[in-house]
Protein chains: 6
Amino acid sequence: MLLTRRIEFSASHVCRRPDWSEAENRAVYGDEAHPRGHGHNYVLEVTLEGEPDPVTGMVVDLKDVKAVLEQEVVAPMDHRHLNEEVPPFDRVVPTTENLAVEIWRRLRPRFEAGPARLKAVRLYETEDLFVEYEGR
Amino acid sequence: MLLTRRIEFSASHVCRRPDWSEAENRAVYGDEAHPRGHGHNYVLEVTLEGEPDPVTGMVVDLKDVKAVLEQEVVAPMDHRHLNEEVPPFDRVVPTTENLAVEIWRRLRPRFEAGPARLKAVRLYETEDLFVEYEGR
Amino acid sequence: MLLTRRIEFSASHVCRRPDWSEAENRAVYGDEAHPRGHGHNYVLEVTLEGEPDPVTGMVVDLKDVKAVLEQEVVAPMDHRHLNEEVPPFDRVVPTTENLAVEIWRRLRPRFEAGPARLKAVRLYETEDLFVEYEGR
Amino acid sequence: MLLTRRIEFSASHVCRRPDWSEAENRAVYGDEAHPRGHGHNYVLEVTLEGEPDPVTGMVVDLKDVKAVLEQEVVAPMDHRHLNEEVPPFDRVVPTTENLAVEIWRRLRPRFEAGPARLKAVRLYETEDLFVEYEGR
Amino acid sequence: MLLTRRIEFSASHVCRRPDWSEAENRAVYGDEAHPRGHGHNYVLEVTLEGEPDPVTGMVVDLKDVKAVLEQEVVAPMDHRHLNEEVPPFDRVVPTTENLAVEIWRRLRPRFEAGPARLKAVRLYETEDLFVEYEGR
Amino acid sequence: MLLTRRIEFSASHVCRRPDWSEAENRAVYGDEAHPRGHGHNYVLEVTLEGEPDPVTGMVVDLKDVKAVLEQEVVAPMDHRHLNEEVPPFDRVVPTTENLAVEIWRRLRPRFEAGPARLKAVRLYETEDLFVEYEGR
């Protein structure tokens, strides 16, 4: 069984590589390369996989899930500038893809002890664009 | 090919075990344990798997799907108190997880004769929390 | 200028009058009269009217609004059975209309001292039905 | 990693077979068989599968995806009558299922050269009915 | 107090005047002028104004509202081609504006006897475009 | 008649006054005061008031509306840092309230020549917080 918790956080980012020219950055990242940055209300869906406990009927304690998401995502990323305040985005371009990988990297070990393991993270940059990552 | 039909129903529930103390129930279920119950507008997505019929171009007759959902979910559960009126929730805690399993158990045999088989049920308790079940 | 804050809470209710027969209750309230109750994820939009403060640029401090909504709506109503636990719904039928009036009655005095006054409450029972109340 | 782009287009269609009687068409397709046609705001989610490029951090250039969707879906189908203007729906019934297959058929080869391959198309006829197709 | 009921219907339309050239129609209506027509999932919000009845707590009987909307909007317009099947759109261009006026014209007299009067109709052609009409 | 066009744009902002201490800024603006800024997918609803033209059936030419919104809002604000790139937010705190006023100030004169006048702007910072401004 899969259980998904959805949260939202607001952050700024810029997609550009310092080793590229302005023209190269614009060609690849378009408006996302604009140097002062811009922001999004990111929507994150975190999917856990497990079996409902026969006694409680719950796959996982949602209070625990909430605490992990607060510590690993909301506290460090909400109302932040990703490139300037959230490693590794001081050196990794914070595309939606890379941000999903980083969130996966942070969350995965937190659910390894069970009772449910991290199955997937889905990250919406806007309602018309989202990525889904299941590790590899 | 997967075809999904989405419906909504309103029901009450309480998550608590009669063999536990008040403190134990609160520790595990939080506000969901409140004894008088509370309710949700549950959203259910029922996914069927099949091939489009070469003549009709349809995986399944949607009128049949609607009739099954009406009989197995809406009629018995909509505007009901799950614990008090919908077995097995007189003895099984109606967590979102257990409710999804019960809906699967009711729907699965209804689609066994084809033309499309039940692939998954996804149940939203709120827009920020949902479970998905594919049997086992 | 109008500023609106949207919150969600889950509650049970029953629409029936004890002085009426079962048939009368069903004729007027339909499924909403079912005696065990059912529930909704109510969505509440609270609209305040005021001018942006020339120094802060804010109509109202959102932390204050949040605190009021928590005290007057979420704490007493979320995860509750309206008829059994939230006066005056022990004697007033908790239709969406009456619930909106009661929320207005609770919130109005809390914003009377300013800086913004309560302009309207909009209450969604489902995404297809809502009422809006501005006092009288 | 999966990346999904969502677009919307408005089109008319009729679901009926010319070799069937009016009664047969109504029995199978219901109101969808009404001969003058009706329309929908179709929502299409196109899912691509690939790895983020280690240099750009992108699975695919979204400008390329947008161009393909414009050429293969929006330009030929938006503000069109599917049966009368969009082959093969002059001879194939434009059910949601068949429309998803046709969109898959058009998009698949456009992404074969990489860097990301077409994984699935999800097509919503309304917010309560959608199909998902991954080829075969 | 305002009470709003939201419904959805699917219809085709074409925005063009027969007394204009193709070029004139394109210049004014753009893609909406395409002669074969296209369609939308129209969303209609019907707002009624009244006072909650002191006995029932209801502004209006929702079963009556549903019946009126079924007769005046859904039955004649759903799954229809507005220009070809729904007068006066055989001679009036079915812009969103004109369609809202026509729906107002049909609904207004149905609520004149009370207990609640028609206050406004809001009609969404897409989620990004809507009109609101209150008569005049 | 009111006609509303909805658009979305992504921008960064910081709510803080340079003449205040860090503590004062935090006390008033909370997380919004974080100095590196953060961002939102702002949703803007622009409402125009007019009468449908008896010949075209249109309140306004939507192509004109789109062009104005592109020039006055999307081009200068989308993918921008409001404080650093969009006057007057180099000296005015870009609260949602002040941003709505600025958008009103930019749009109002563009619709003064008719055929429809600007009636209101509604600006969503998140789906749970929005302001509405009608000038004064």
# chains A, B, ... in the order shown; residues from 1 in each chain; ligands from 1
>>> interface_residues(of="chain C", to="chain E", cutoff="12 Å", atoms="only C-alpha atoms", output="PyMOL selection string")
chain C and resi 15-20+24-33+89+91-102+104+120-136
>>> select_by_dssp(residues="chain B", states="helix (DSSP H, G or I)", output="count of residues only")
48
>>> calpha_fit_and_write(fixed="chain D", moving="chain B", output="compact mmCIF listing (two decimals) with N, CA and C atoms, in the first residue's frame")
# COMPACT_ATOMS: atom_id res chain seq x y z
N MET B 1 13.99 8.98 -13.79
CA MET B 1 13.17 10.11 -13.35
C MET B 1 12.10 10.41 -14.39
N LEU B 2 10.94 10.76 -13.89
CA LEU B 2 9.82 11.09 -14.78
C LEU B 2 9.56 12.60 -14.73
N LEU B 3 9.36 13.18 -15.88
CA LEU B 3 9.01 14.60 -15.96
C LEU B 3 7.70 14.71 -16.72
N THR B 4 6.76 15.45 -16.16
CA THR B 4 5.44 15.55 -16.77
C THR B 4 5.08 17.00 -17.08
N ARG B 5 4.62 17.21 -18.30
CA ARG B 5 4.14 18.53 -18.74
C ARG B 5 2.65 18.41 -18.99
N ARG B 6 1.90 19.36 -18.45
CA ARG B 6 0.44 19.36 -18.54
C ARG B 6 0.00 20.50 -19.47
N ILE B 7 -0.86 20.17 -20.44
CA ILE B 7 -1.44 21.20 -21.31
C ILE B 7 -2.94 20.98 -21.40
N GLU B 8 -3.62 21.96 -21.94
CA GLU B 8 -5.07 21.89 -22.07
C GLU B 8 -5.43 22.26 -23.50
N PHE B 9 -6.44 21.58 -24.05
CA PHE B 9 -6.95 22.00 -25.35
C PHE B 9 -8.44 21.74 -25.40
N SER B 10 -9.13 22.52 -26.25
CA SER B 10 -10.59 22.44 -26.33
C SER B 10 -10.97 21.86 -27.68
N ALA B 11 -11.80 20.84 -27.67
CA ALA B 11 -12.19 20.22 -28.93
C ALA B 11 -13.60 19.66 -28.82
N SER B 12 -14.20 19.44 -29.98
CA SER B 12 -15.51 18.79 -30.06
C SER B 12 -15.33 17.34 -30.47
N HIS B 13 -16.28 16.53 -30.14
CA HIS B 13 -16.29 15.17 -30.66
C HIS B 13 -17.70 14.58 -30.59
N VAL B 14 -17.88 13.51 -31.30
CA VAL B 14 -19.11 12.71 -31.24
C VAL B 14 -18.66 11.26 -31.17
N CYS B 15 -19.28 10.49 -30.31
CA CYS B 15 -19.00 9.06 -30.26
C CYS B 15 -20.19 8.31 -30.84
N ARG B 16 -20.07 7.92 -32.08
CA ARG B 16 -21.11 7.11 -32.72
C ARG B 16 -20.50 6.42 -33.92
N ARG B 17 -21.07 5.28 -34.25
CA ARG B 17 -20.61 4.52 -35.40
C ARG B 17 -21.66 4.65 -36.51
N PRO B 18 -21.24 5.02 -37.71
CA PRO B 18 -22.21 5.20 -38.81
C PRO B 18 -22.88 3.89 -39.22
N ASP B 19 -22.23 2.75 -38.92
CA ASP B 19 -22.82 1.47 -39.30
C ASP B 19 -23.80 0.95 -38.25
N TRP B 20 -24.06 1.75 -37.23
CA TRP B 20 -25.01 1.33 -36.20
C TRP B 20 -26.27 2.19 -36.28
N SER B 21 -27.36 1.65 -35.75
CA SER B 21 -28.60 2.42 -35.66
C SER B 21 -28.46 3.47 -34.55
N GLU B 22 -29.40 4.41 -34.57
CA GLU B 22 -29.44 5.40 -33.50
C GLU B 22 -29.56 4.72 -32.13
N ALA B 23 -30.40 3.70 -32.07
CA ALA B 23 -30.62 3.02 -30.78
C ALA B 23 -29.35 2.33 -30.30
N GLU B 24 -28.63 1.69 -31.23
CA GLU B 24 -27.38 1.04 -30.83
C GLU B 24 -26.37 2.07 -30.33
N ASN B 25 -26.25 3.17 -31.05
CA ASN B 25 -25.31 4.20 -30.62
C ASN B 25 -25.65 4.74 -29.24
N ARG B 26 -26.94 5.00 -29.00
CA ARG B 26 -27.36 5.51 -27.70
C ARG B 26 -27.10 4.49 -26.60
N ALA B 27 -27.33 3.21 -26.92
CA ALA B 27 -27.14 2.17 -25.91
C ALA B 27 -25.68 2.08 -25.48
N VAL B 28 -24.78 2.24 -26.41
CA VAL B 28 -23.36 2.10 -26.09
C VAL B 28 -22.75 3.41 -25.61
N TYR B 29 -23.00 4.50 -26.32
CA TYR B 29 -22.29 5.74 -26.02
C TYR B 29 -23.10 6.75 -25.20
N GLY B 30 -24.40 6.50 -25.01
CA GLY B 30 -25.21 7.43 -24.23
C GLY B 30 -25.22 8.81 -24.88
N ASP B 31 -25.16 9.85 -24.03
CA ASP B 31 -25.20 11.23 -24.54
C ASP B 31 -24.02 11.55 -25.44
N GLU B 32 -22.94 10.80 -25.30
CA GLU B 32 -21.75 11.07 -26.14
C GLU B 32 -22.06 10.82 -27.62
N ALA B 33 -23.15 10.11 -27.89
CA ALA B 33 -23.52 9.79 -29.27
C ALA B 33 -24.32 10.89 -29.95
N HIS B 34 -24.68 11.90 -29.20
CA HIS B 34 -25.53 12.95 -29.77
C HIS B 34 -24.89 13.49 -31.06
N PRO B 35 -25.62 13.48 -32.20
CA PRO B 35 -24.97 13.65 -33.51
C PRO B 35 -24.32 15.00 -33.77
N ARG B 36 -24.81 16.07 -33.15
CA ARG B 36 -24.20 17.37 -33.44
C ARG B 36 -22.87 17.56 -32.72
N GLY B 37 -22.58 16.65 -31.80
CA GLY B 37 -21.32 16.75 -31.10
C GLY B 37 -21.40 17.68 -29.90
N HIS B 38 -20.40 17.59 -29.07
CA HIS B 38 -20.27 18.43 -27.88
C HIS B 38 -18.77 18.54 -27.64
N GLY B 39 -18.37 19.19 -26.57
CA GLY B 39 -16.94 19.41 -26.46
C GLY B 39 -16.42 19.36 -25.04
N HIS B 40 -15.13 19.38 -24.95
CA HIS B 40 -14.47 19.30 -23.66
C HIS B 40 -13.23 20.20 -23.65
N ASN B 41 -12.85 20.61 -22.44
CA ASN B 41 -11.51 21.14 -22.22
C ASN B 41 -10.65 19.96 -21.82
N TYR B 42 -10.04 19.32 -22.78
CA TYR B 42 -9.19 18.16 -22.47
C TYR B 42 -7.92 18.62 -21.76
N VAL B 43 -7.53 17.87 -20.74
CA VAL B 43 -6.25 18.12 -20.08
C VAL B 43 -5.35 16.93 -20.38
N LEU B 44 -4.16 17.23 -20.89
CA LEU B 44 -3.22 16.18 -21.28
C LEU B 44 -1.96 16.28 -20.43
N GLU B 45 -1.58 15.17 -19.82
CA GLU B 45 -0.31 15.11 -19.10
C GLU B 45 0.62 14.17 -19.86
N VAL B 46 1.74 14.71 -20.30
CA VAL B 46 2.70 13.94 -21.07
C VAL B 46 3.91 13.66 -20.19
N THR B 47 4.19 12.38 -19.96
CA THR B 47 5.26 12.00 -19.05
C THR B 47 6.45 11.43 -19.82
N LEU B 48 7.62 12.02 -19.58
CA LEU B 48 8.87 11.59 -20.22
C LEU B 48 9.76 10.95 -19.16
N GLU B 49 10.55 9.98 -19.62
CA GLU B 49 11.44 9.30 -18.68
C GLU B 49 12.89 9.48 -19.13
N GLY B 50 13.74 9.86 -18.20
CA GLY B 50 15.15 10.03 -18.53
C GLY B 50 15.94 10.35 -17.27
N GLU B 51 17.21 10.61 -17.45
CA GLU B 51 18.04 10.98 -16.32
C GLU B 51 18.40 12.46 -16.44
N PRO B 52 18.46 13.16 -15.33
CA PRO B 52 18.91 14.55 -15.41
C PRO B 52 20.34 14.60 -15.97
N ASP B 53 20.55 15.45 -16.93
CA ASP B 53 21.89 15.62 -17.50
C ASP B 53 22.82 16.14 -16.40
N PRO B 54 24.00 15.53 -16.24
CA PRO B 54 24.86 15.95 -15.12
C PRO B 54 25.32 17.40 -15.23
N VAL B 55 25.34 17.95 -16.43
CA VAL B 55 25.76 19.35 -16.58
C VAL B 55 24.59 20.32 -16.38
N THR B 56 23.49 20.06 -17.06
CA THR B 56 22.39 21.02 -17.00
C THR B 56 21.42 20.74 -15.85
N GLY B 57 21.40 19.52 -15.37
CA GLY B 57 20.43 19.16 -14.34
C GLY B 57 19.03 18.99 -14.89
N MET B 58 18.91 18.89 -16.21
CA MET B 58 17.59 18.78 -16.84
C MET B 58 17.42 17.43 -17.54
N VAL B 59 16.26 16.85 -17.40
CA VAL B 59 15.94 15.60 -18.10
C VAL B 59 15.76 15.88 -19.60
N VAL B 60 15.22 17.04 -19.90
CA VAL B 60 14.90 17.37 -21.29
C VAL B 60 14.75 18.89 -21.36
N ASP B 61 14.95 19.45 -22.53
CA ASP B 61 14.75 20.89 -22.69
C ASP B 61 13.26 21.15 -22.84
N LEU B 62 12.68 21.86 -21.88
CA LEU B 62 11.23 22.06 -21.91
C LEU B 62 10.77 22.84 -23.13
N LYS B 63 11.64 23.66 -23.69
CA LYS B 63 11.26 24.38 -24.91
C LYS B 63 11.03 23.40 -26.07
N ASP B 64 11.83 22.32 -26.09
CA ASP B 64 11.63 21.29 -27.12
C ASP B 64 10.30 20.56 -26.89
N VAL B 65 10.03 20.23 -25.65
CA VAL B 65 8.77 19.53 -25.33
C VAL B 65 7.58 20.39 -25.75
N LYS B 66 7.66 21.65 -25.40
CA LYS B 66 6.56 22.57 -25.74
C LYS B 66 6.36 22.62 -27.26
N ALA B 67 7.47 22.67 -27.99
CA ALA B 67 7.36 22.75 -29.46
C ALA B 67 6.71 21.49 -30.03
N VAL B 68 7.09 20.34 -29.51
CA VAL B 68 6.50 19.08 -29.99
C VAL B 68 5.00 19.03 -29.67
N LEU B 69 4.64 19.39 -28.45
CA LEU B 69 3.22 19.35 -28.08
C LEU B 69 2.41 20.34 -28.92
N GLU B 70 3.01 21.47 -29.21
CA GLU B 70 2.34 22.46 -30.06
C GLU B 70 2.08 21.88 -31.45
N GLN B 71 3.11 21.24 -32.03
CA GLN B 71 2.98 20.72 -33.40
C GLN B 71 2.05 19.51 -33.48
N GLU B 72 2.17 18.61 -32.53
CA GLU B 72 1.47 17.33 -32.66
C GLU B 72 0.07 17.33 -32.03
N VAL B 73 -0.17 18.21 -31.07
CA VAL B 73 -1.46 18.18 -30.37
C VAL B 73 -2.21 19.50 -30.49
N VAL B 74 -1.60 20.59 -30.06
CA VAL B 74 -2.35 21.85 -29.99
C VAL B 74 -2.73 22.35 -31.38
N ALA B 75 -1.76 22.46 -32.27
CA ALA B 75 -2.07 23.00 -33.61
C ALA B 75 -3.14 22.15 -34.31
N PRO B 76 -2.99 20.83 -34.38
CA PRO B 76 -4.02 20.07 -35.10
C PRO B 76 -5.33 19.86 -34.35
N MET B 77 -5.34 19.93 -33.03
CA MET B 77 -6.55 19.51 -32.29
C MET B 77 -7.27 20.63 -31.55
N ASP B 78 -6.56 21.66 -31.13
CA ASP B 78 -7.20 22.69 -30.30
C ASP B 78 -8.19 23.50 -31.13
N HIS B 79 -9.37 23.71 -30.55
CA HIS B 79 -10.45 24.44 -31.24
C HIS B 79 -10.89 23.73 -32.52
N ARG B 80 -10.79 22.41 -32.52
CA ARG B 80 -11.19 21.61 -33.69
C ARG B 80 -12.31 20.64 -33.32
N HIS B 81 -12.95 20.13 -34.38
CA HIS B 81 -13.94 19.07 -34.25
C HIS B 81 -13.19 17.79 -34.61
N LEU B 82 -12.97 16.93 -33.64
CA LEU B 82 -12.09 15.78 -33.85
C LEU B 82 -12.59 14.90 -35.01
N ASN B 83 -13.88 14.58 -35.04
CA ASN B 83 -14.40 13.68 -36.09
C ASN B 83 -14.23 14.27 -37.48
N GLU B 84 -14.36 15.56 -37.59
CA GLU B 84 -14.40 16.17 -38.92
C GLU B 84 -13.06 16.70 -39.40
N GLU B 85 -12.13 16.92 -38.47
CA GLU B 85 -10.91 17.61 -38.87
C GLU B 85 -9.61 16.92 -38.46
N VAL B 86 -9.68 15.90 -37.64
CA VAL B 86 -8.45 15.30 -37.13
C VAL B 86 -8.43 13.81 -37.45
N PRO B 87 -7.75 13.41 -38.53
CA PRO B 87 -7.62 11.98 -38.81
C PRO B 87 -6.87 11.31 -37.67
N PRO B 88 -7.19 10.07 -37.34
CA PRO B 88 -8.07 9.13 -38.04
C PRO B 88 -9.50 9.16 -37.53
N PHE B 89 -9.91 10.29 -36.89
CA PHE B 89 -11.22 10.27 -36.24
C PHE B 89 -12.38 10.48 -37.22
N ASP B 90 -12.06 10.58 -38.50
CA ASP B 90 -13.11 10.52 -39.52
C ASP B 90 -13.63 9.08 -39.63
N ARG B 91 -12.81 8.11 -39.18
CA ARG B 91 -13.24 6.71 -39.28
C ARG B 91 -13.07 5.93 -37.97
N VAL B 92 -12.38 6.52 -37.00
CA VAL B 92 -12.20 5.89 -35.69
C VAL B 92 -13.00 6.71 -34.68
N VAL B 93 -13.76 6.04 -33.81
CA VAL B 93 -14.57 6.76 -32.83
C VAL B 93 -13.65 7.46 -31.83
N PRO B 94 -13.80 8.78 -31.67
CA PRO B 94 -12.89 9.51 -30.76
C PRO B 94 -13.28 9.40 -29.29
N THR B 95 -13.30 8.17 -28.78
CA THR B 95 -13.43 8.01 -27.33
C THR B 95 -12.16 8.56 -26.69
N THR B 96 -12.24 8.79 -25.40
CA THR B 96 -11.05 9.24 -24.68
C THR B 96 -9.92 8.23 -24.86
N GLU B 97 -10.27 6.96 -24.85
CA GLU B 97 -9.28 5.91 -25.01
C GLU B 97 -8.57 6.04 -26.37
N ASN B 98 -9.37 6.13 -27.44
CA ASN B 98 -8.76 6.21 -28.77
C ASN B 98 -7.98 7.51 -28.97
N LEU B 99 -8.43 8.56 -28.34
CA LEU B 99 -7.71 9.84 -28.47
C LEU B 99 -6.35 9.75 -27.77
N ALA B 100 -6.32 9.07 -26.63
CA ALA B 100 -5.04 8.90 -25.93
C ALA B 100 -4.07 8.05 -26.77
N VAL B 101 -4.60 7.03 -27.40
CA VAL B 101 -3.75 6.17 -28.24
C VAL B 101 -3.20 6.99 -29.41
N GLU B 102 -4.04 7.82 -30.02
CA GLU B 102 -3.59 8.62 -31.15
C GLU B 102 -2.52 9.64 -30.73
N ILE B 103 -2.74 10.24 -29.57
CA ILE B 103 -1.73 11.21 -29.08
C ILE B 103 -0.42 10.49 -28.81
N TRP B 104 -0.49 9.31 -28.21
CA TRP B 104 0.71 8.50 -28.00
C TRP B 104 1.40 8.21 -29.33
N ARG B 105 0.61 7.79 -30.34
CA ARG B 105 1.16 7.44 -31.64
C ARG B 105 1.87 8.63 -32.29
N ARG B 106 1.34 9.82 -32.07
CA ARG B 106 1.96 11.01 -32.64
C ARG B 106 3.21 11.43 -31.88
N LEU B 107 3.18 11.31 -30.56
CA LEU B 107 4.28 11.82 -29.75
C LEU B 107 5.46 10.86 -29.66
N ARG B 108 5.16 9.57 -29.62
CA ARG B 108 6.22 8.59 -29.38
C ARG B 108 7.45 8.78 -30.27
N PRO B 109 7.29 8.84 -31.60
CA PRO B 109 8.48 8.97 -32.45
C PRO B 109 9.22 10.29 -32.24
N ARG B 110 8.55 11.29 -31.79
CA ARG B 110 9.19 12.60 -31.63
C ARG B 110 10.20 12.62 -30.49
N PHE B 111 10.06 11.65 -29.57
CA PHE B 111 10.98 11.62 -28.44
C PHE B 111 11.95 10.43 -28.53
N GLU B 112 11.90 9.70 -29.66
CA GLU B 112 12.74 8.50 -29.73
C GLU B 112 14.23 8.80 -29.78
N ALA B 113 14.60 9.93 -30.32
CA ALA B 113 16.02 10.27 -30.43
C ALA B 113 16.61 10.73 -29.10
N GLY B 114 15.78 10.76 -28.07
CA GLY B 114 16.25 11.19 -26.75
C GLY B 114 16.20 12.69 -26.64
N PRO B 115 16.66 13.24 -25.51
CA PRO B 115 17.32 12.54 -24.42
C PRO B 115 16.35 11.81 -23.48
N ALA B 116 15.05 12.08 -23.63
CA ALA B 116 14.08 11.40 -22.75
C ALA B 116 13.05 10.72 -23.64
N ARG B 117 12.59 9.56 -23.24
CA ARG B 117 11.61 8.84 -24.05
C ARG B 117 10.21 9.04 -23.47
N LEU B 118 9.22 8.91 -24.34
CA LEU B 118 7.84 9.04 -23.89
C LEU B 118 7.49 7.84 -23.01
N LYS B 119 7.01 8.12 -21.80
CA LYS B 119 6.67 7.05 -20.87
C LYS B 119 5.15 6.81 -20.82
N ALA B 120 4.39 7.87 -20.80
CA ALA B 120 2.94 7.72 -20.67
C ALA B 120 2.24 9.00 -21.09
N VAL B 121 1.00 8.83 -21.54
CA VAL B 121 0.12 9.99 -21.71
C VAL B 121 -1.12 9.75 -20.86
N ARG B 122 -1.50 10.78 -20.14
CA ARG B 122 -2.72 10.72 -19.35
C ARG B 122 -3.65 11.81 -19.92
N LEU B 123 -4.87 11.43 -20.20
CA LEU B 123 -5.81 12.36 -20.83
C LEU B 123 -7.09 12.43 -20.00
N TYR B 124 -7.40 13.64 -19.53
CA TYR B 124 -8.63 13.88 -18.77
C TYR B 124 -9.70 14.41 -19.72
N GLU B 125 -10.86 13.73 -19.78
CA GLU B 125 -11.99 14.28 -20.53
C GLU B 125 -12.75 15.28 -19.64
N THR B 126 -12.89 14.90 -18.38
CA THR B 126 -13.38 15.82 -17.35
C THR B 126 -12.51 15.56 -16.13
N GLU B 127 -12.72 16.31 -15.06
CA GLU B 127 -11.89 16.06 -13.89
C GLU B 127 -12.24 14.74 -13.22
N ASP B 128 -13.35 14.13 -13.63
CA ASP B 128 -13.79 12.88 -13.02
C ASP B 128 -13.54 11.65 -13.90
N LEU B 129 -12.92 11.84 -15.05
CA LEU B 129 -12.67 10.71 -15.94
C LEU B 129 -11.37 10.90 -16.71
N PHE B 130 -10.45 9.96 -16.56
CA PHE B 130 -9.21 10.05 -17.33
C PHE B 130 -8.68 8.67 -17.66
N VAL B 131 -7.88 8.63 -18.73
CA VAL B 131 -7.24 7.38 -19.12
C VAL B 131 -5.73 7.60 -19.16
N GLU B 132 -5.01 6.50 -19.02
CA GLU B 132 -3.55 6.57 -19.07
C GLU B 132 -3.07 5.47 -19.99
N TYR B 133 -2.15 5.81 -20.89
CA TYR B 133 -1.69 4.86 -21.89
C TYR B 133 -0.17 4.89 -21.95
N GLU B 134 0.43 3.68 -21.99
CA GLU B 134 1.90 3.58 -22.04
C GLU B 134 2.34 2.78 -23.26
N GLY B 135 1.51 2.73 -24.32
CA GLY B 135 1.85 1.92 -25.47
C GLY B 135 1.72 0.44 -25.15
N ARG B 136 2.23 -0.42 -26.01
CA ARG B 136 2.20 -1.84 -25.68
C ARG B 136 3.20 -2.61 -26.54
>>> select_by_dssp(residues="stretch 3-67 of chain A", states="strand (DSSP E or B)", output="list of chain:residue names")
A:Leu3, A:Thr4, A:Arg5, A:Arg6, A:Ile7, A:Glu8, A:Phe9, A:Ser10, A:Ala11, A:Ser12, A:His13, A:His38, A:Gly39, A:His40, A:Asn41, A:Tyr42, A:Val43, A:Leu44, A:Glu45, A:Val46, A:Thr47, A:Leu48, A:Glu49
>>> decode(residues="stretch 118-129 of chain B", atoms="N, CA, C and O atoms", output="tab-separated table (two decimals), in the first residue's frame")
chain	number	residue	atom	x	y	z
B	118	LEU	N	-10.05	-4.55	-12.02
B	118	LEU	CA	-9.69	-3.49	-11.07
B	118	LEU	C	-8.17	-3.48	-10.90
B	118	LEU	O	-7.56	-4.49	-10.57
B	119	LYS	N	-7.57	-2.31	-11.12
B	119	LYS	CA	-6.12	-2.19	-11.01
B	119	LYS	C	-5.72	-1.53	-9.69
B	119	LYS	O	-4.76	-1.96	-9.05
B	120	ALA	N	-6.42	-0.50	-9.30
B	120	ALA	CA	-6.03	0.22	-8.09
B	120	ALA	C	-7.19	1.07	-7.60
B	120	ALA	O	-8.07	1.46	-8.36
B	121	VAL	N	-7.19	1.32	-6.29
B	121	VAL	CA	-8.08	2.34	-5.73
B	121	VAL	C	-7.20	3.36	-5.01
B	121	VAL	O	-6.27	3.00	-4.30
B	122	ARG	N	-7.49	4.62	-5.27
B	122	ARG	CA	-6.80	5.70	-4.58
B	122	ARG	C	-7.87	6.46	-3.78
B	122	ARG	O	-8.90	6.84	-4.34
B	123	LEU	N	-7.60	6.67	-2.51
B	123	LEU	CA	-8.59	7.30	-1.65
B	123	LEU	C	-7.96	8.51	-0.96
B	123	LEU	O	-6.97	8.39	-0.24
B	124	TYR	N	-8.56	9.68	-1.20
B	124	TYR	CA	-8.11	10.92	-0.56
B	124	TYR	C	-8.97	11.19	0.67
B	124	TYR	O	-10.20	11.30	0.54
B	125	GLU	N	-8.34	11.33	1.85
B	125	GLU	CA	-9.09	11.76	3.03
B	125	GLU	C	-9.21	13.29	3.03
B	125	GLU	O	-10.23	13.85	3.36
B	126	THR	N	-8.11	13.93	2.65
B	126	THR	CA	-8.11	15.37	2.37
B	126	THR	C	-7.25	15.54	1.13
B	126	THR	O	-6.69	14.57	0.62
B	127	GLU	N	-7.14	16.76	0.63
B	127	GLU	CA	-6.32	16.93	-0.57
B	127	GLU	C	-4.83	16.74	-0.27
B	127	GLU	O	-4.03	16.61	-1.17
B	128	ASP	N	-4.49	16.68	1.01
B	128	ASP	CA	-3.08	16.54	1.40
B	128	ASP	C	-2.72	15.13	1.88
B	128	ASP	O	-1.59	14.91	2.33
B	129	LEU	N	-3.66	14.22	1.85
B	129	LEU	CA	-3.38	12.86	2.31
B	129	LEU	C	-4.17	11.84	1.52
B	129	LEU	O	-5.41	11.90	1.49
